[in-house]
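S.K.: My questions all concern the structure below.
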Amino acid sequence: MSPVRPLHSDAEFHFSLDAPAVLLKVGGDVDAVLGYAAADFMAGEVVLAERIHPDDADIAGAMFSPVVDTAGRTVSLRLRHADGRIRCMSAVYLKRPADTPGAPPVLVLHLRDARQLAMTTLAPREVTNFRAMMENSDDFIYFKDRNHVFTGASQTLVVHSQPAEQRAELIGRTDYDVFPEAFADSYYRLEKQVMEGLPVAHEIQAFVTGDGRSGWVDNRKYPIRDENGDIVGLYGMARDMTELIRAQQALQDSEALFRSLYTSMTEGVALHELILDEAGKPVDYRIIGVNPAYESHTGMAAADIVGRLGSAAYGVDEAPYLARFAEVALTQQPQKFDCYFAPLAKYFLISVFSPAPRRFATIFQDITAAKQAEREQQRLTRALRLLSECNLTLARADSEHGLLAEICRIIVDTGGYRMAWVGQAEDDAGKSVRPVAQCGYEEGYLESARISWDETQATGRGPVGCAIRSGCTQINQDILVNPRMRQWRESALQRGYRSSIALPLAGLGQRLGALAVYAAEPDAFGADEVKLLEELVANLVFGIQAQRTRSERESAEAANRAKSTFLANMSHEIRTPLNAILGMTHLIRRTGLPDRQLERLNKIETAGRHLLDILNAILEISKIEAGKLELGDVELLPGVIVANVVSILQQTAEARGLRLVTELGAMPGGLRGDPARVQQALLNYAINAIKFSENGEVVLRAGVVEETAEAALVRFEVADHGIGIAPETLPKLFALFEQADNTTTRKYGGTGLGLAITRKLARLMGGDAGATSLLGAGSTFWFTAWLRKGVARPVPPAPATPADDAEAQLRRDHAGRRILLVEDEPVNQEVSLMLLGEAGLQADVANDGIEAVDRVRATAYDLILMDMQMPRLDGLGATRQIRRLPGGAQIPIVALTANAFAEDRARCSEAGMNDFLAKPFEPEALFVTVLRWLSRAPQSGAA
């Protein structure tokens, strides 16, 4: 065995080829070759086998196998340097027996960087030719020695290497020095095959240029042999295939994408070939391919239709849409349209284009559901618009019939339905349904249709009858097949009615009827549409009830107006003669009469006043029931009210031998309410107590029974020792026109209104009224009223002018002042003129409002007494005209009216009147009123 000759700058390793191999010795320039110190290997910190490139595992395996090989071998081996990069090495090794018998063989390995080996040089002429080729070639050309070291390279290769800029810089380097390791590995793999004897190693390989661009080359490597046929190196040529590969890849991607789309797209796709006759006219088309979605949409298998003519495949005489498809195939102009495809009973959106002459492809989408949804949405939109317009109609309608007729019209015109009608449920023997409003119907349909809501009759089992009877919506989606429509089917279909809905009109426990709506197409009433129509009907029922309520209210208001007008007229007609009677009685009494005549005159006056009391009571009740009685809110002193009642009735009680007694409880200060109404109620009780008592005393009480921070509930009572009231009669006393019995009515008189008025007044003041009684022992009548608490303060007594003083003061201070009396009733004229004359006043008369305006225009008056109701021009109109005359705004005008309602006072004030004097008036009241206004007005001269 000849020893291995050490190489210059070698790294030397000795291994015992045990399992595993054991490093025995490290020598040579290990640091220069591998970048590690020998001690690193000996200490086991670096393992040589682990530094060998994984792709050279076959070489390492042969080298470390425990088989003696003393001949020595030279191989190319890649190892990873300490700097992390791969180095190509020339490895020379042999495996000798161990010095110790039986010991494993010893591997002696010398490694040398392949770049340090001597390179073959060319002859000068060859060098020139070689350089020209290397500098001008478009391909990538390179030469390498047996150890994979560049011995030559074209300038084009420099573009793909780094960091070299000239081809000469590649000489003496390996792929691992100038290319990324992954690329160098792929190049080395091919070169290994060449070095092992493969005639040519060929592969499309990726590359990355120095500036980061990537691409592909067709890399081909060939062995270089010496004169002995031994491989001493290789040369390679690589051609840039980037554009071609990218074009091929794009084509493949496009084909793959098309195939993927074709097979996976949800739209159906079909390829066709146009069939022409001898004259070149399109007569049919052949189906040459379909995708899976086509089969899904049509329910037709590809195996059954591919290769067949369109007419045969779809079972029709002419292939569907032949003219349109032929136009696309012959002109190459694409088209898009949607249609109803009758053979499949579906709607499709179809796009057609021509990929080649006389061929066309269709891409179609099943839009049946979308079309149905669109129609449903259109109907829903119409129903919403219909609901909106109907709601506006509800607000504007002025009659029930007008409302129903307009609703039917809107349903047809806005809702797009064929016909609508409203049937009223009658309570006759046959429970018939009577049409009361309709729109869109053809003459004769409703007239000939007999409809009932009686289940026992055939005519009562239709949708309308069922809706009325059950109170539930009845939907008839197809008149043609609905057995319940058998009786009306022929007539309905003749008029184009295909589906209908009947909606019950019911509310507040009443069956009002039904609304029936008809459509021209089947299945016209979707769930959402039905909800909107039901909402419309609910609003319509509300509208019907509102119209009926309004009609009833208007009737009631008209009745109230008629009642008020009647009462006002009756008040005027009764008060006017009463004013004359009482006025004349007063004047006659002032002239002086014998006692017998004076007694008769007193009876006349008493009868007149009694009649006036009855009239006032009736008017009071009317005002309360009409809600026209307004309560005052002024300071109220219960003790003063009780004292006033005692003062008023003291003489009457004494005349009957009765004693009036008062009992007052503690009261909070500052109570507020309506003193006149409280006094009126208490006076009613006290008058009755005196009337029904013959001896003893009458007790008037007032006290607080409940109190809050804001108000006090005050109870007023009147107790007597009179005849008493039977228990069975007591509950009826506070009803209108009720008294204890007919006997008392005859004996004591009265209208039976006083107690009713008292209870109504008490309830208006937040309280109530009642009575307790023991027959033969007396009665106690009570009422309560909530009185608001205010600020307690002393109230100075109002200055009062006695009637005698008023008349005397008029004569003394205002004699000769000019008064205009506007009155149309002659007797009242006479009475008023005599009273004014006796007071020293100068009075003129105007018989109506027109005369009054003329007199005021001609004469300056200090005061006008204006009647309200007169012919030609009433007092209100006359006042307005007088106020517009020069100086007319300053003249005091006092209304003389027999109308005693609060609104009458308001109307007088609005017209410009200053005061109000109700007929019949007491002469004393007239004098006080005239004095009050003359004292304020400056004296006027004649115009």
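We name chains A, B, ... following the order of the structure tokens; residues begin at 1 in each chain, and ligands are numbered from 1 as shown.
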As a list in words, please: the residues near Leu664 of chain A (cut-off 10 Å, only C-alpha atoms, same-chain neighbours under 4 positions excluded).
M.R.: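 Surrounding residues, per the criterion: Pro638, Gly639, Val642, Leu700, Arg701, Ala702, Gly703, Val704 and Phe716 of chain A.
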S.K.: Would you mind exporting the chosen residues as a PDB file, in the first residue's frame, restricted to C-alpha atoms?
M.R.:
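Result file follows (again.pdb):
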```pdb
ATOM      1  CA  PRO A 638    -118.026  79.626  55.008  1.00  0.00           C
ATOM      2  CA  GLY A 639    -119.124  81.624  58.074  1.00  0.00           C
ATOM      3  CA  VAL A 642    -124.013  80.740  56.512  1.00  0.00           C
ATOM      4  CA  LEU A 700    -127.193  75.386  59.725  1.00  0.00           C
ATOM      5  CA  ARG A 701    -123.753  73.794  60.217  1.00  0.00           C
ATOM      6  CA  ALA A 702    -120.374  74.076  58.498  1.00  0.00           C
ATOM      7  CA  GLY A 703    -117.124  72.283  59.336  1.00  0.00           C
ATOM      8  CA  VAL A 704    -114.001  70.653  57.905  1.00  0.00           C
ATOM      9  CA  PHE A 716    -122.450  71.981  55.078  1.00  0.00           C
TER      10      PHE A 716
END
```
S.K.: What separation in Å, quoted to one decimal, exists between atom CA of Ala711 of chain A and atom CA of Arg788 of chain A?
M.R.: 4.3 Å
S.K.: Find the distance between atom CA of Leu660 of chain A and atom CA of Leu730 of chain A and write it in Å to one decimal.
M.R.: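 According to the coordinates, atom CA of Leu660 of chain A and atom CA of Leu730 of chain A are separated by 24.1 Å.
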S.K.: Taking the DSSP secondary structure from the backbone, can you list the residues of segment 356-453 of chain A that are alpha helix (DSSP H), as a count of residues only?
M.R.: 47
S.K.: Could you name the residues that touch segment 358-367 of chain A at 9 Å or less, counting only C-alpha atoms, but leaving out those on the same chain fewer than 6 positions away, as a PyMOL selection string?
M.R.: chain A and resi 266-275+285+294+297+325-326+328-330+332+338+346-352
S.K.: Could you give me, as a PyMOL selection string, the residues within 12 Å of Ala519 of chain A, counting only C-alpha atoms and dropping anything in the same chain fewer than 3 positions from it?
M.R.: chain A and resi 379+411-412+415-420+440-441+475-479+492-493+495-502+516+522-525
S.K.: Within 8 Å of Leu190 of chain A, counting only C-alpha atoms, which residues show up once you throw out same-chain ones fewer than 5 positions away? Write them as a list of chain:residue names, please.
M.R.: A:Ala201, A:His202, A:Lys221
S.K.: Selected residues, all heavy atoms, written as an mmCIF file, in the first residue's frame, please.
M.R.:
```cif
data_model
loop_
_atom_site.group_PDB
_atom_site.id
_atom_site.type_symbol
_atom_site.label_atom_id
_atom_site.label_comp_id
_atom_site.auth_asym_id
_atom_site.auth_seq_id
_atom_site.Cartn_x
_atom_site.Cartn_y
_atom_site.Cartn_z
ATOM 1 N N ALA A 201 -27.203 16.107 -18.229
ATOM 2 C CA ALA A 201 -28.150 16.331 -17.129
ATOM 3 C C ALA A 201 -28.967 17.573 -17.482
ATOM 4 O O ALA A 201 -28.389 18.648 -17.733
ATOM 5 C CB ALA A 201 -27.416 16.531 -15.809
ATOM 6 N N HIS A 202 -30.268 17.400 -17.515
ATOM 7 C CA HIS A 202 -31.135 18.466 -18.033
ATOM 8 C C HIS A 202 -32.292 18.726 -17.059
ATOM 9 O O HIS A 202 -32.921 17.798 -16.572
ATOM 10 C CB HIS A 202 -31.691 18.050 -19.404
ATOM 11 C CG HIS A 202 -32.790 18.949 -19.885
ATOM 12 N ND1 HIS A 202 -34.020 18.461 -20.270
ATOM 13 C CD2 HIS A 202 -32.842 20.292 -20.060
ATOM 14 C CE1 HIS A 202 -34.779 19.468 -20.664
ATOM 15 N NE2 HIS A 202 -34.090 20.592 -20.528
ATOM 16 N N LYS A 221 -26.211 20.225 -18.697
ATOM 17 C CA LYS A 221 -24.808 20.034 -18.301
ATOM 18 C C LYS A 221 -24.257 18.792 -18.999
ATOM 19 O O LYS A 221 -24.937 17.745 -19.038
ATOM 20 C CB LYS A 221 -24.696 19.892 -16.780
ATOM 21 C CG LYS A 221 -25.223 21.119 -16.003
ATOM 22 C CD LYS A 221 -25.166 20.904 -14.497
ATOM 23 C CE LYS A 221 -25.799 22.059 -13.726
ATOM 24 N NZ LYS A 221 -25.004 23.257 -13.730
#
```
S.K.: Between atom CA of Ile544 of chain A and atom CA of Leu403 of chain A, what is the distance in Å, rounded to a tenth?
M.R.: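 Pair atom CA of Ile544 of chain A / atom CA of Leu403 of chain A returns 7.9 Å.
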S.K.: Can you tell me, as a list in words, what residues are no more than 10 Å from Asp138 of chain A when counting only C-alpha atoms, ignoring any on the same chain fewer than 3 positions away?
M.R.: Met133, Met134, Glu135, Ile141, Ser154, Gln155, Thr156, Leu157, Ala238, Arg239 and Asp240 of chain A
S.K.: Atoms to include: all heavy atoms. Write the selected residues as a PDB file, in the first residue's frame.
M.R.:
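Wrote again.pdb, looks like this:
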```
ATOM      1  N   MET A 133     -16.782  34.119 -27.335  1.00  0.00           N
ATOM      2  CA  MET A 133     -18.049  33.422 -27.100  1.00  0.00           C
ATOM      3  C   MET A 133     -18.635  33.815 -25.732  1.00  0.00           C
ATOM      4  O   MET A 133     -19.834  34.083 -25.600  1.00  0.00           O
ATOM      5  CB  MET A 133     -17.813  31.908 -27.157  1.00  0.00           C
ATOM      6  CG  MET A 133     -19.088  31.097 -26.919  1.00  0.00           C
ATOM      7  SD  MET A 133     -18.773  29.315 -26.963  1.00  0.00           S
ATOM      8  CE  MET A 133     -17.750  29.103 -25.522  1.00  0.00           C
ATOM      9  N   MET A 134     -17.767  33.848 -24.720  1.00  0.00           N
ATOM     10  CA  MET A 134     -18.237  34.112 -23.367  1.00  0.00           C
ATOM     11  C   MET A 134     -18.768  35.541 -23.193  1.00  0.00           C
ATOM     12  O   MET A 134     -19.658  35.793 -22.387  1.00  0.00           O
ATOM     13  CB  MET A 134     -17.115  33.864 -22.355  1.00  0.00           C
ATOM     14  CG  MET A 134     -16.728  32.400 -22.247  1.00  0.00           C
ATOM     15  SD  MET A 134     -18.145  31.426 -21.694  1.00  0.00           S
ATOM     16  CE  MET A 134     -17.616  29.772 -22.110  1.00  0.00           C
ATOM     17  N   GLU A 135     -18.227  36.459 -23.946  1.00  0.00           N
ATOM     18  CA  GLU A 135     -18.631  37.847 -23.781  1.00  0.00           C
ATOM     19  C   GLU A 135     -19.860  38.205 -24.609  1.00  0.00           C
ATOM     20  O   GLU A 135     -20.538  39.201 -24.319  1.00  0.00           O
ATOM     21  CB  GLU A 135     -17.484  38.775 -24.141  1.00  0.00           C
ATOM     22  CG  GLU A 135     -16.337  38.719 -23.141  1.00  0.00           C
ATOM     23  CD  GLU A 135     -15.194  39.621 -23.532  1.00  0.00           C
ATOM     24  OE1 GLU A 135     -15.231  40.164 -24.659  1.00  0.00           O
ATOM     25  OE2 GLU A 135     -14.262  39.776 -22.726  1.00  0.00           O
ATOM     26  N   ILE A 141     -23.371  30.338 -20.285  1.00  0.00           N
ATOM     27  CA  ILE A 141     -22.418  29.273 -20.608  1.00  0.00           C
ATOM     28  C   ILE A 141     -21.354  29.257 -19.501  1.00  0.00           C
ATOM     29  O   ILE A 141     -20.907  30.310 -19.038  1.00  0.00           O
ATOM     30  CB  ILE A 141     -21.744  29.521 -21.965  1.00  0.00           C
ATOM     31  CG1 ILE A 141     -22.830  29.598 -23.067  1.00  0.00           C
ATOM     32  CG2 ILE A 141     -20.744  28.408 -22.284  1.00  0.00           C
ATOM     33  CD1 ILE A 141     -22.262  29.946 -24.432  1.00  0.00           C
ATOM     34  N   SER A 154     -19.753  32.800 -19.122  1.00  0.00           N
ATOM     35  CA  SER A 154     -20.168  33.894 -19.998  1.00  0.00           C
ATOM     36  C   SER A 154     -20.551  35.112 -19.148  1.00  0.00           C
ATOM     37  O   SER A 154     -20.872  35.008 -17.963  1.00  0.00           O
ATOM     38  CB  SER A 154     -21.351  33.462 -20.857  1.00  0.00           C
ATOM     39  OG  SER A 154     -22.474  33.191 -20.023  1.00  0.00           O
ATOM     40  N   GLN A 155     -20.486  36.275 -19.832  1.00  0.00           N
ATOM     41  CA  GLN A 155     -20.815  37.516 -19.113  1.00  0.00           C
ATOM     42  C   GLN A 155     -22.280  37.515 -18.649  1.00  0.00           C
ATOM     43  O   GLN A 155     -22.621  38.105 -17.624  1.00  0.00           O
ATOM     44  CB  GLN A 155     -20.554  38.725 -20.019  1.00  0.00           C
ATOM     45  CG  GLN A 155     -20.780  40.070 -19.355  1.00  0.00           C
ATOM     46  CD  GLN A 155     -19.846  40.310 -18.190  1.00  0.00           C
ATOM     47  OE1 GLN A 155     -18.689  39.827 -18.204  1.00  0.00           O
ATOM     48  NE2 GLN A 155     -20.335  41.012 -17.169  1.00  0.00           N
ATOM     49  N   THR A 156     -23.143  36.835 -19.385  1.00  0.00           N
ATOM     50  CA  THR A 156     -24.573  36.795 -19.005  1.00  0.00           C
ATOM     51  C   THR A 156     -24.780  36.144 -17.641  1.00  0.00           C
ATOM     52  O   THR A 156     -25.742  36.438 -16.935  1.00  0.00           O
ATOM     53  CB  THR A 156     -25.380  36.018 -20.053  1.00  0.00           C
ATOM     54  OG1 THR A 156     -24.760  34.734 -20.268  1.00  0.00           O
ATOM     55  CG2 THR A 156     -25.442  36.775 -21.357  1.00  0.00           C
ATOM     56  N   LEU A 157     -23.858  35.218 -17.265  1.00  0.00           N
ATOM     57  CA  LEU A 157     -24.027  34.526 -15.990  1.00  0.00           C
ATOM     58  C   LEU A 157     -23.801  35.452 -14.807  1.00  0.00           C
ATOM     59  O   LEU A 157     -24.295  35.211 -13.706  1.00  0.00           O
ATOM     60  CB  LEU A 157     -23.075  33.332 -15.928  1.00  0.00           C
ATOM     61  CG  LEU A 157     -23.345  32.314 -14.807  1.00  0.00           C
ATOM     62  CD1 LEU A 157     -24.722  31.709 -14.966  1.00  0.00           C
ATOM     63  CD2 LEU A 157     -22.276  31.223 -14.820  1.00  0.00           C
ATOM     64  N   ALA A 238     -27.280  27.258 -20.260  1.00  0.00           N
ATOM     65  CA  ALA A 238     -28.622  27.506 -19.708  1.00  0.00           C
ATOM     66  C   ALA A 238     -29.273  28.617 -20.516  1.00  0.00           C
ATOM     67  O   ALA A 238     -28.678  29.670 -20.736  1.00  0.00           O
ATOM     68  CB  ALA A 238     -28.530  27.895 -18.232  1.00  0.00           C
ATOM     69  N   ARG A 239     -30.477  28.374 -20.937  1.00  0.00           N
ATOM     70  CA  ARG A 239     -31.211  29.358 -21.738  1.00  0.00           C
ATOM     71  C   ARG A 239     -32.386  29.899 -20.906  1.00  0.00           C
ATOM     72  O   ARG A 239     -33.119  29.130 -20.280  1.00  0.00           O
ATOM     73  CB  ARG A 239     -31.724  28.701 -23.011  1.00  0.00           C
ATOM     74  CG  ARG A 239     -32.494  29.634 -23.927  1.00  0.00           C
ATOM     75  CD  ARG A 239     -32.490  29.115 -25.344  1.00  0.00           C
ATOM     76  NE  ARG A 239     -31.147  29.143 -25.903  1.00  0.00           N
ATOM     77  CZ  ARG A 239     -30.806  28.557 -27.063  1.00  0.00           C
ATOM     78  NH1 ARG A 239     -31.727  27.903 -27.760  1.00  0.00           N
ATOM     79  NH2 ARG A 239     -29.569  28.629 -27.508  1.00  0.00           N
ATOM     80  N   ASP A 240     -32.535  31.225 -20.931  1.00  0.00           N
ATOM     81  CA  ASP A 240     -33.590  31.873 -20.138  1.00  0.00           C
ATOM     82  C   ASP A 240     -34.954  31.500 -20.713  1.00  0.00           C
ATOM     83  O   ASP A 240     -35.272  31.830 -21.853  1.00  0.00           O
ATOM     84  CB  ASP A 240     -33.401  33.395 -20.146  1.00  0.00           C
ATOM     85  CG  ASP A 240     -34.296  34.092 -19.119  1.00  0.00           C
ATOM     86  OD1 ASP A 240     -35.314  33.505 -18.714  1.00  0.00           O
ATOM     87  OD2 ASP A 240     -33.958  35.222 -18.720  1.00  0.00           O
TER      88      ASP A 240
END
```
S.K.: Within 7 Å of segment 384-392 of chain A, counting only C-alpha atoms, which residues show up once you throw out same-chain ones fewer than 5 positions away? Write them as a PyMOL selection string, please.
M.R.: chain A and resi 407+410-411+414-415+532+536
S.K.: Smallest atom-to-atom distance to Ile231 of chain A: which of A:Val194, A:Ala395, A:Ala467, A:Cys439, using only C-alpha atoms?
M.R.: A:Val194
